[in-house]
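Just below is one structure, and these are the notes that go with it.
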Amino acid sequence: MTGFEAAVLTIITASTPLLMAAIGELVVERSGVLNLGVEGMMVMGAVCGFLASYYTGSLILGILASMMAGVLMSLLFGLLTQTFVTNQMATGLALTILCLGLSGLIGEPLTGEPGLKLSAISIPYLTDIPYVGKILFGQDILVYVSIALVFAVQYMLFKSRMGLIIRAVGDSHSSAHALGYSVIKVRYYCIMFGGACAGLAGGYLSLVYTPQWIEDMTAGRGWIALALVVFATWMPRRILLGAYLFGTVWIMGLYVQGAGIAIPSQVLSALPYVVTIVALVIISRNATLTKLNTPTCLGQSFVPDR
Amino acid sequence: MASARGKTGDASNEVYLLEAKNITKKFGEFTANDNVSIALKAGEIHALLGENGAGKSTLVKMMYGSLQPTSGTLFWNGEQVEINNPSMARDLGIGMVFQHFSLFESLNVVENIILAIPEEDDIAALAVKIEKVSAQYGLPLEPYAVVADLSVGERQRIEIVRCLLQEPRLLIMDEPTAVLTPQEAEQLFITLRKLTAEGVAILYISHRLEEVRKLCHDATILRRGIVVDNVDPQQETAQSLAQLMVGEAIHKIEARSAKKLGKTLLKTQNLNLKSGLQFGVDLIDINLDVRAGEVLAIAGIAGNGQSELFDALSGETRVSKKSTIQLNGVDCGTRGIRFRRKCEAAFAPEERLGHGAVPSFKLSENVILTRHDSDDDLVRYGFMDGKLMKAIAARITKKRDVRVSKTDPEAESLSGGNLQKFIVGRELDRAPKVLIVNQPTWGVDAGAAAMIRQALINCAGRNAAVLVISQDLDEIFELADRIAVISRGQLSKSFAVEDMTFEKVGLLMAGAHEKALPADNDAADNDAADVEVEDNGAPV
């Protein structure tokens with residue numbers, strides 16, 4: 001394996017959890033809900049996925065458990081913000097704080113223990129093609145799932161009735177209600193989808209990226225995913241671009257540091273943010289497009305007048 | 001009409017298309033509808049009249065399933081039904097055009113319509129259907145246009161076409177003409193008559209009593225949630241209908257007797273302003289002047305630059321040249337709203353809650369908001385004078401007959417009309433030299449509207465220059481000494497009210513005065529408007 005291949009592989013594994021969490025949050029925000037609890041749902045996904053695979057010995061169960069954990073946490077968020085109409089921002093923040101503590105508590109006995117690792121797939125001949133074989137055909141299955149997810153969400157949002165309803169609810173919940181759509185129900189489903197994606201992203205960290213549990217191992221990736229959604233102006237394909245750009249600059253920074261080039265490490269760790277924001281700002285210059293893609297009701301609670 | 005009746009039942013035991021019997025709806029302690037009964041016949045236009053807060057919207061929302069009655073029953077074709085949600089209403093054949101449009105701004109026309117038709121899945125096929133139906137009823141629509149780019153009139157067409165595509169047997173229309181030019185309204189009436197000829201029943205809510213008299217076959221009048229009368233509107237006059245709605249004679253506006261005009265107190269010179277908002281309107285070469293003692297009214301369909309013009313005059317957006325805007329003889333184009341208030345100018349914006357007043361603040365606190373700088377006594381060394389604030393709020397409340405449930409209530413607890421009386425009163429209380437009001441009686445009931453209008457006229461009578469921006473033509477003709485019309489950010493010349501008619505204003509509203517802008521896609525439309533406004537829809 002060449003150094004180039006190794007670098008690309010690291011970039012892909014670094015970008016995948018961002019992509020998963022962001023695409024889930026995108027659907028949530030498209031329905032008009034701002035869930036700031038992505039980081040929390042991710043970390044719960046990470047710890048639950050790790051515990052489940054550690055005790056059952058099954059990676060599939062581990063992955064499912066991470067998604068379930070995300071869904072359960074998102075349901076708590078949904079219950080509070082949709083049913084009890086609490087403030088979405090405050091609830092999301094509280095959810096993250098709760099999850100960071102809770103995950104530390106339940107993961108404590110196994111901190112640092114080595115766990116199972118989801119291995120890359122291997123297709124005879126194809127994977128062996130020089131330079132690109134490993135990159136195109138030798139990733140773990142979740143990488144392909146995450147990319148497929150982006151296109152599936154793109155199709156769902158813009159080509160299906162379900163997506164139209166989600167966008168309508170995010171654009172004007174009172175109009176959607178007047179037409180007879182159940183705003184709360186649509187939002188619950190979206191919140192759960194977002195939870196599943198964030199949980200899976202967390203599971204990816206503890207089952208693929210670094211197959212073990214370390215407290216706070218998400219290290220702010222949930223917040224990056226949140227930012228990506230905004231800077232991608234709620235468009236799925238831009239999330240793909242943003243997540244991979246972020247991952248690339250991030251890993252390049254590590255390589256640069258490793259090579260001993262004299263750039264302050266703080267600059268290097270800030271660089272992915274700067275580059276991603278600049279790039280996404282440049283591609284979202286079309287203000288009309290941005291305006292049309294911004295969910296007008298984002299973060300607003302809905303109470304039907306009954 | 002007769003044939004429609006014959007189909008549904010014999011004369012002695014008539015079966016109505018929709019009948020509501022003894023409907024009561026309570027919101028907590030408040031009874032919005034009290035034992036209301038109403039019966040609608042196929043092939044007839046039935047008017048539902050009443051002041052704001054009389055319970056009209058509540059009643060139709062129950063018919064459309066978005067609200068549930070506390071007690072009482074609905075009958076559809078003589079059979080008892082429970083309408084639990086809007087899709088059930090649609091299945092029965094009830095369509096509704098909302099007063100506050102239920103449209104999605106970021107979606108296009110077809111998407112907006114398909115959301116209301118669950119069984120339709122093919123966007124392209126629906127687009128064709130939309131074009132067909134909209135041509136058939138004279139409601140032109142571009143299926144792939146995004147709603148945010150459309151005028152209010154076009155948006156209303158979407159609502160109507162959306163209903164028509166569901167082939168409704170009952171069409172409920174909540175204030176459909178409030179935002180239309182007279183010509184557009186006429187076109188709508190033709191459509192409605194066509195529909196009734198096909199046997200559709202229409203329930204028609206409107207504040208415009210003249211048009212109710214022209215159009216409707218039957219009228220039910222609500223007052224404070226109770227049905228007070230059921231009349232044949234063609235046998236009534238607008239006055240008698242208004243009296244039934246309000247329950248007392250409406251205050252008749254008294255014009256000022258002698259008009260002595262003073263010097264020019266409000267003036268703009270070639271006011272050009274690019275709108276910062278994506279869907280805002282650019283102001284183009286606006287020249288206006290208002291002299292002391294006169295009322296200049298600016299007519300126009302909502303969304304043609306009114307709010308941009310108001311913001312530029314009030315100083316919320318500033319222009320680059322000082323002399324572009326003159327208030328009370330002072331150049332203040334580059335100065336902010338506080339400076340302009342100190343020039344004895346006063347402003348009342350369109351949006352009452354959130355712009356004219358802070359909803360959760362008390363009235364006395366809302367007094368401070370616009371007057372902290374211009375009234376020397378109110379704020380001293382950075383501290384507010386609570387007693388004076390309360391006294392001013394009480395004075396305004398009393399003078400303008402603002403009906404409050406307790407002393408010094410929060411702004412949001414007031415009804416629209418009462419809050420507007422307070423906001424206009426707050427500005428008048430300063431005895432301004434220049435008063436600029438945007439949509440003074442938008443959504444305000446007849447009684448309150450009459451009071452506000454009288455106050456504005458009296459203000460001009462005290463030698464102030466008054467500028468009223470409004471889309472209500474009745475109001476404009478009642479108030480104005482001169483009328484100008486704004487369309488797409490361009491202001492027409494002003495004309496003395498004596499020389500104007502509804503039709504002339506309507507032509508200007510449709511853009512007859514606009515200069516064709518070079519290299520603009522809209523230029524073609526402007527040319528058409530210069531010639532004549534066609535009857536199947538004004539240029540947009």
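In the structure tokens, each chain is lettered A, B, ... as it comes, each chain's residues begin at 1, and ligands are numbered from 1 in order of appearance.
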(request) Using only C-alpha atoms, select each residue of chain B with any atom at most 6 Å away from an atom of chain A, and give the selection as a ChimeraX atom specification. (result) /B:67,86-87,102-104,106
(message) I'd like the neighbourhood of Tyr144 in chain A as an NGL selection string, where a residue qualifies if any of its atoms comes within 12 Å (using only C-alpha atoms), though same-chain residues fewer than 3 positions away should be ignored.
(response) :A and (12-13 or 16 or 19-20 or 120-121 or 135-141 or 147-152)
Selected residues, N, CA and C atoms, written as a PDB file, in the first residue's frame, please.
ATOM      1  N   ILE A  12     -10.993   8.995   4.450  1.00  0.00           N
ATOM      2  CA  ILE A  12     -12.352   8.477   4.314  1.00  0.00           C
ATOM      3  C   ILE A  12     -12.907   8.051   5.669  1.00  0.00           C
ATOM      4  N   THR A  13     -12.109   7.341   6.452  1.00  0.00           N
ATOM      5  CA  THR A  13     -12.632   6.910   7.757  1.00  0.00           C
ATOM      6  C   THR A  13     -12.845   8.098   8.688  1.00  0.00           C
ATOM      7  N   THR A  16     -16.270   9.817   7.365  1.00  0.00           N
ATOM      8  CA  THR A  16     -17.530   9.073   7.382  1.00  0.00           C
ATOM      9  C   THR A  16     -18.437   9.399   8.579  1.00  0.00           C
ATOM     10  N   LEU A  19     -20.128  12.666   8.046  1.00  0.00           N
ATOM     11  CA  LEU A  19     -21.129  12.568   6.998  1.00  0.00           C
ATOM     12  C   LEU A  19     -22.425  11.964   7.527  1.00  0.00           C
ATOM     13  N   MET A  20     -22.277  10.862   8.292  1.00  0.00           N
ATOM     14  CA  MET A  20     -23.474  10.181   8.814  1.00  0.00           C
ATOM     15  C   MET A  20     -24.271  11.100   9.731  1.00  0.00           C
ATOM     16  N   ALA A 120     -12.539  -4.129   6.655  1.00  0.00           N
ATOM     17  CA  ALA A 120     -12.849  -3.662   5.308  1.00  0.00           C
ATOM     18  C   ALA A 120     -13.285  -4.834   4.441  1.00  0.00           C
ATOM     19  N   ILE A 121     -14.057  -4.559   3.443  1.00  0.00           N
ATOM     20  CA  ILE A 121     -14.446  -5.635   2.540  1.00  0.00           C
ATOM     21  C   ILE A 121     -13.325  -5.882   1.550  1.00  0.00           C
ATOM     22  N   ILE A 135      -9.151   1.928  -2.430  1.00  0.00           N
ATOM     23  CA  ILE A 135      -9.994   3.095  -2.112  1.00  0.00           C
ATOM     24  C   ILE A 135     -11.429   2.871  -2.573  1.00  0.00           C
ATOM     25  N   LEU A 136     -11.563   2.328  -3.776  1.00  0.00           N
ATOM     26  CA  LEU A 136     -12.918   2.175  -4.314  1.00  0.00           C
ATOM     27  C   LEU A 136     -13.599   0.912  -3.802  1.00  0.00           C
ATOM     28  N   PHE A 137     -12.846  -0.154  -3.662  1.00  0.00           N
ATOM     29  CA  PHE A 137     -13.495  -1.435  -3.384  1.00  0.00           C
ATOM     30  C   PHE A 137     -13.028  -2.079  -2.082  1.00  0.00           C
ATOM     31  N   GLY A 138     -12.262  -1.347  -1.292  1.00  0.00           N
ATOM     32  CA  GLY A 138     -11.717  -1.991  -0.092  1.00  0.00           C
ATOM     33  C   GLY A 138     -12.033  -1.258   1.192  1.00  0.00           C
ATOM     34  N   GLN A 139     -13.166  -0.589   1.247  1.00  0.00           N
ATOM     35  CA  GLN A 139     -13.562   0.099   2.484  1.00  0.00           C
ATOM     36  C   GLN A 139     -14.437  -0.816   3.319  1.00  0.00           C
ATOM     37  N   ASP A 140     -14.673  -0.390   4.548  1.00  0.00           N
ATOM     38  CA  ASP A 140     -15.674  -1.122   5.324  1.00  0.00           C
ATOM     39  C   ASP A 140     -17.057  -0.775   4.786  1.00  0.00           C
ATOM     40  N   ILE A 141     -18.012  -1.623   5.062  1.00  0.00           N
ATOM     41  CA  ILE A 141     -19.333  -1.508   4.443  1.00  0.00           C
ATOM     42  C   ILE A 141     -20.036  -0.193   4.799  1.00  0.00           C
ATOM     43  N   ILE A 147     -22.366   6.903   2.038  1.00  0.00           N
ATOM     44  CA  ILE A 147     -22.459   7.645   0.779  1.00  0.00           C
ATOM     45  C   ILE A 147     -23.813   7.381   0.108  1.00  0.00           C
ATOM     46  N   ALA A 148     -24.234   6.112   0.167  1.00  0.00           N
ATOM     47  CA  ALA A 148     -25.551   5.780  -0.390  1.00  0.00           C
ATOM     48  C   ALA A 148     -26.637   6.586   0.323  1.00  0.00           C
ATOM     49  N   LEU A 149     -26.434   6.769   1.629  1.00  0.00           N
ATOM     50  CA  LEU A 149     -27.410   7.495   2.435  1.00  0.00           C
ATOM     51  C   LEU A 149     -27.591   8.923   1.916  1.00  0.00           C
ATOM     52  N   VAL A 150     -26.473   9.555   1.538  1.00  0.00           N
ATOM     53  CA  VAL A 150     -26.553  10.925   1.039  1.00  0.00           C
ATOM     54  C   VAL A 150     -27.451  10.981  -0.194  1.00  0.00           C
ATOM     55  N   PHE A 151     -27.229  10.057  -1.115  1.00  0.00           N
ATOM     56  CA  PHE A 151     -28.011  10.103  -2.337  1.00  0.00           C
ATOM     57  C   PHE A 151     -29.460   9.667  -2.087  1.00  0.00           C
ATOM     58  N   ALA A 152     -29.615   8.732  -1.168  1.00  0.00           N
ATOM     59  CA  ALA A 152     -30.983   8.319  -0.829  1.00  0.00           C
ATOM     60  C   ALA A 152     -31.755   9.497  -0.229  1.00  0.00           C
TER      61      ALA A 152
END
(message) Using only C-alpha atoms, which protein or nucleic acid residues come within 8 Å of range 70-73 of chain A? Drop anything in the same chain fewer than 4 positions from it, and give the result as number ranges by chain.
(response) A: 41-42, 44-45, 66, 77, 95, 192-200
Convert the current residue selection to file output with N, CA and C atoms, as an mmCIF file, in the first residue's frame.
data_model
loop_
_atom_site.group_PDB
_atom_site.id
_atom_site.type_symbol
_atom_site.label_atom_id
_atom_site.label_comp_id
_atom_site.auth_asym_id
_atom_site.auth_seq_id
_atom_site.Cartn_x
_atom_site.Cartn_y
_atom_site.Cartn_z
ATOM 1 N N MET A 41 -25.978 12.343 21.124
ATOM 2 C CA MET A 41 -26.504 11.102 20.553
ATOM 3 C C MET A 41 -25.370 10.265 19.961
ATOM 4 N N MET A 42 -24.379 10.954 19.418
ATOM 5 C CA MET A 42 -23.220 10.240 18.869
ATOM 6 C C MET A 42 -22.470 9.498 19.955
ATOM 7 N N MET A 44 -23.491 8.503 22.821
ATOM 8 C CA MET A 44 -24.275 7.365 23.324
ATOM 9 C C MET A 44 -24.223 6.209 22.328
ATOM 10 N N GLY A 45 -24.262 6.539 21.036
ATOM 11 C CA GLY A 45 -24.137 5.502 20.011
ATOM 12 C C GLY A 45 -22.799 4.799 20.134
ATOM 13 N N SER A 66 -25.899 0.800 18.523
ATOM 14 C CA SER A 66 -25.520 2.211 18.452
ATOM 15 C C SER A 66 -26.665 3.027 17.841
ATOM 16 N N PHE A 77 -35.486 13.721 23.237
ATOM 17 C CA PHE A 77 -35.506 15.086 22.704
ATOM 18 C C PHE A 77 -36.867 15.408 22.082
ATOM 19 N N LEU A 95 -29.393 17.757 26.278
ATOM 20 C CA LEU A 95 -29.270 16.360 25.852
ATOM 21 C C LEU A 95 -27.799 15.988 25.691
ATOM 22 N N MET A 192 -36.191 10.957 14.908
ATOM 23 C CA MET A 192 -35.712 9.588 15.121
ATOM 24 C C MET A 192 -34.697 9.196 14.054
ATOM 25 N N PHE A 193 -34.956 9.606 12.825
ATOM 26 C CA PHE A 193 -33.993 9.313 11.757
ATOM 27 C C PHE A 193 -32.651 9.974 12.087
ATOM 28 N N GLY A 194 -32.723 11.218 12.513
ATOM 29 C CA GLY A 194 -31.503 11.930 12.883
ATOM 30 C C GLY A 194 -30.781 11.227 14.019
ATOM 31 N N GLY A 195 -31.552 10.714 14.982
ATOM 32 C CA GLY A 195 -30.968 9.994 16.105
ATOM 33 C C GLY A 195 -30.262 8.729 15.641
ATOM 34 N N ALA A 196 -30.910 8.006 14.750
ATOM 35 C CA ALA A 196 -30.313 6.763 14.244
ATOM 36 C C ALA A 196 -28.997 7.061 13.532
ATOM 37 N N CYS A 197 -28.995 8.122 12.725
ATOM 38 C CA CYS A 197 -27.777 8.473 11.988
ATOM 39 C C CYS A 197 -26.662 8.894 12.943
ATOM 40 N N ALA A 198 -27.025 9.723 13.941
ATOM 41 C CA ALA A 198 -26.004 10.173 14.885
ATOM 42 C C ALA A 198 -25.472 8.981 15.676
ATOM 43 N N GLY A 199 -26.368 8.075 16.082
ATOM 44 C CA GLY A 199 -25.935 6.877 16.812
ATOM 45 C C GLY A 199 -24.990 6.036 15.970
ATOM 46 N N LEU A 200 -25.341 5.875 14.707
ATOM 47 C CA LEU A 200 -24.500 5.093 13.798
ATOM 48 C C LEU A 200 -23.131 5.754 13.647
#
(request) Please provide as a list in words all residues within 8 Å of range 306-318 of chain B, with the sequence filter that same-chain residues fewer than 5 positions apart are discarded (counting only C-alpha atoms). (result)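 In the requested format, the answer is Ser275, Gly280, Val281, Asp282, Leu283, Gly300, Ile325, Gly333, Thr334, Arg335, Gly336, Ile337, Arg340, Phe347, Pro349, Glu350, Ile436, Asn438, Ile469, Ile486 and Gly489 of chain B.
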Would you save the residues of that selection, restricted to C-alpha atoms, as a PDB file, in the first residue's frame?
ATOM      1  CA  SER B 275     -33.717  46.130  -1.175  1.00  0.00           C
ATOM      2  CA  GLY B 280     -37.826  42.582  -1.288  1.00  0.00           C
ATOM      3  CA  VAL B 281     -38.702  45.304  -3.765  1.00  0.00           C
ATOM      4  CA  ASP B 282     -36.283  47.960  -4.945  1.00  0.00           C
ATOM      5  CA  LEU B 283     -37.544  51.521  -4.695  1.00  0.00           C
ATOM      6  CA  GLY B 300     -51.041  49.582  -3.961  1.00  0.00           C
ATOM      7  CA  ILE B 325     -35.589  62.635   2.490  1.00  0.00           C
ATOM      8  CA  GLY B 333     -31.807  60.741   4.507  1.00  0.00           C
ATOM      9  CA  THR B 334     -28.729  59.477   6.285  1.00  0.00           C
ATOM     10  CA  ARG B 335     -30.065  59.857   9.806  1.00  0.00           C
ATOM     11  CA  GLY B 336     -31.671  57.160  11.894  1.00  0.00           C
ATOM     12  CA  ILE B 337     -35.109  56.795  13.346  1.00  0.00           C
ATOM     13  CA  ARG B 340     -36.192  61.671  12.661  1.00  0.00           C
ATOM     14  CA  PHE B 347     -44.244  56.464  12.483  1.00  0.00           C
ATOM     15  CA  PRO B 349     -45.597  50.434  11.013  1.00  0.00           C
ATOM     16  CA  GLU B 350     -47.779  47.797   9.449  1.00  0.00           C
ATOM     17  CA  ILE B 436     -46.445  58.245   8.458  1.00  0.00           C
ATOM     18  CA  ASN B 438     -48.484  51.931   7.013  1.00  0.00           C
ATOM     19  CA  ILE B 469     -49.904  53.742   2.992  1.00  0.00           C
ATOM     20  CA  ILE B 486     -47.098  52.332  -5.765  1.00  0.00           C
ATOM     21  CA  GLY B 489     -41.294  50.020  -6.242  1.00  0.00           C
TER      22      GLY B 489
END
(request) Run DSSP on the backbone of this structure and report the residues of range 346-515 of chain B it assigns to helix (DSSP H, G or I), as a VMD selection string. (result) chain B and resid 363 to 371 386 to 399 411 to 413 416 to 428 446 to 461 473 to 479 497 to 499 502 to 509
(request) Identify which of the residues B:Arg155, B:Lys25, B:Lys493, B:Lys61 lies closest to Phe101 in chain B, counting only C-alpha atoms when measuring atom-to-atom distances. (result)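 Under the stated criterion, the closest residue is B:Arg155.
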(request) Give the answer as one residue: which of B:Val161, B:Phe477, B:Asp122, B:Ser151 has the shortest atom-to-atom distance to Ser134 in chain B, using only C-alpha atoms? (result) B:Val161
(request) Considering only C-alpha atoms, return as a PyMOL selection string whatever protein or nucleic-acid residues lie within 12 Å of Met252 in chain A, sequence-local ones (same chain, fewer than 2 positions apart) excluded. (result) chain A and resi 4+6-8+10-11+14+244-250+254-259+261+268-269+271-272
I need the residues from that last selection saved to file as an mmCIF file, in the first residue's frame (with C-alpha atoms), if you can.
data_model
loop_
_atom_site.group_PDB
_atom_site.id
_atom_site.type_symbol
_atom_site.label_atom_id
_atom_site.label_comp_id
_atom_site.auth_asym_id
_atom_site.auth_seq_id
_atom_site.Cartn_x
_atom_site.Cartn_y
_atom_site.Cartn_z
ATOM 1 C CA PHE A 4 -1.081 8.024 -0.919
ATOM 2 C CA ALA A 6 -3.015 5.146 3.224
ATOM 3 C CA ALA A 7 -3.705 8.865 3.430
ATOM 4 C CA VAL A 8 -6.884 8.596 1.394
ATOM 5 C CA THR A 10 -7.579 7.669 6.691
ATOM 6 C CA ILE A 11 -9.369 10.625 5.207
ATOM 7 C CA ALA A 14 -12.261 10.324 9.373
ATOM 8 C CA TYR A 244 -14.873 15.093 2.945
ATOM 9 C CA LEU A 245 -13.222 18.475 2.649
ATOM 10 C CA PHE A 246 -13.122 18.748 6.417
ATOM 11 C CA GLY A 247 -11.741 15.239 6.746
ATOM 12 C CA THR A 248 -9.102 15.885 4.104
ATOM 13 C CA VAL A 249 -7.732 19.073 5.596
ATOM 14 C CA TRP A 250 -7.830 17.557 9.053
ATOM 15 C CA LEU A 254 -1.743 15.526 10.917
ATOM 16 C CA TYR A 255 0.559 14.505 8.088
ATOM 17 C CA VAL A 256 2.121 17.944 7.984
ATOM 18 C CA GLN A 257 2.717 17.786 11.717
ATOM 19 C CA GLY A 258 4.116 14.300 11.389
ATOM 20 C CA ALA A 259 6.502 15.493 8.711
ATOM 21 C CA ILE A 261 7.006 21.112 9.136
ATOM 22 C CA LEU A 268 -3.328 23.203 11.754
ATOM 23 C CA SER A 269 -6.203 22.206 13.987
ATOM 24 C CA LEU A 271 -7.441 24.869 9.371
ATOM 25 C CA PRO A 272 -10.186 22.290 8.606
#
(message) Just want the 9 Å neighbourhood of range 46-55 of chain A, counted on only C-alpha atoms, with same-chain residues fewer than 6 positions away dropped. Output as a PyMOL selection string.
(response) chain A and resi 61-69+103-104+106-107+110+114-116+199-207+211-215+217-218
(request) Excluding Met235 in chain A and residues on its chain fewer than 5 positions from it, collect all residues at most 12 Å away from it, counting only C-alpha atoms, and give them as a PyMOL selection string. (result) chain A and resi 22-27+29-30+150-151+153-155+157-158+167+228-230+240-242+280+283-284+289-295
(request) Mind giving me the straight-line distance from CA of Phe422 in chain B to CA of Pro440 in chain B in Å, one decimal? (result) 11.4 Å
(request) Would you please give, as a PyMOL selection string, all residues of range 363-455 of chain B that DSSP assigns to strand (DSSP E) based on the backbone? (result) chain B and resi 379-380+383-384+434-438
Okay, now the selection with C-alpha atoms, as an mmCIF file, in the first residue's frame?
data_model
loop_
_atom_site.group_PDB
_atom_site.id
_atom_site.type_symbol
_atom_site.label_atom_id
_atom_site.label_comp_id
_atom_site.auth_asym_id
_atom_site.auth_seq_id
_atom_site.Cartn_x
_atom_site.Cartn_y
_atom_site.Cartn_z
ATOM 1 C CA VAL B 379 -36.003 59.164 30.463
ATOM 2 C CA ARG B 380 -33.700 61.043 32.803
ATOM 3 C CA PHE B 383 -33.741 56.007 34.170
ATOM 4 C CA MET B 384 -37.317 55.728 33.031
ATOM 5 C CA VAL B 434 -45.297 64.551 10.180
ATOM 6 C CA LEU B 435 -47.154 61.276 10.609
ATOM 7 C CA ILE B 436 -46.445 58.245 8.458
ATOM 8 C CA VAL B 437 -48.706 55.227 8.853
ATOM 9 C CA ASN B 438 -48.484 51.931 7.013
#
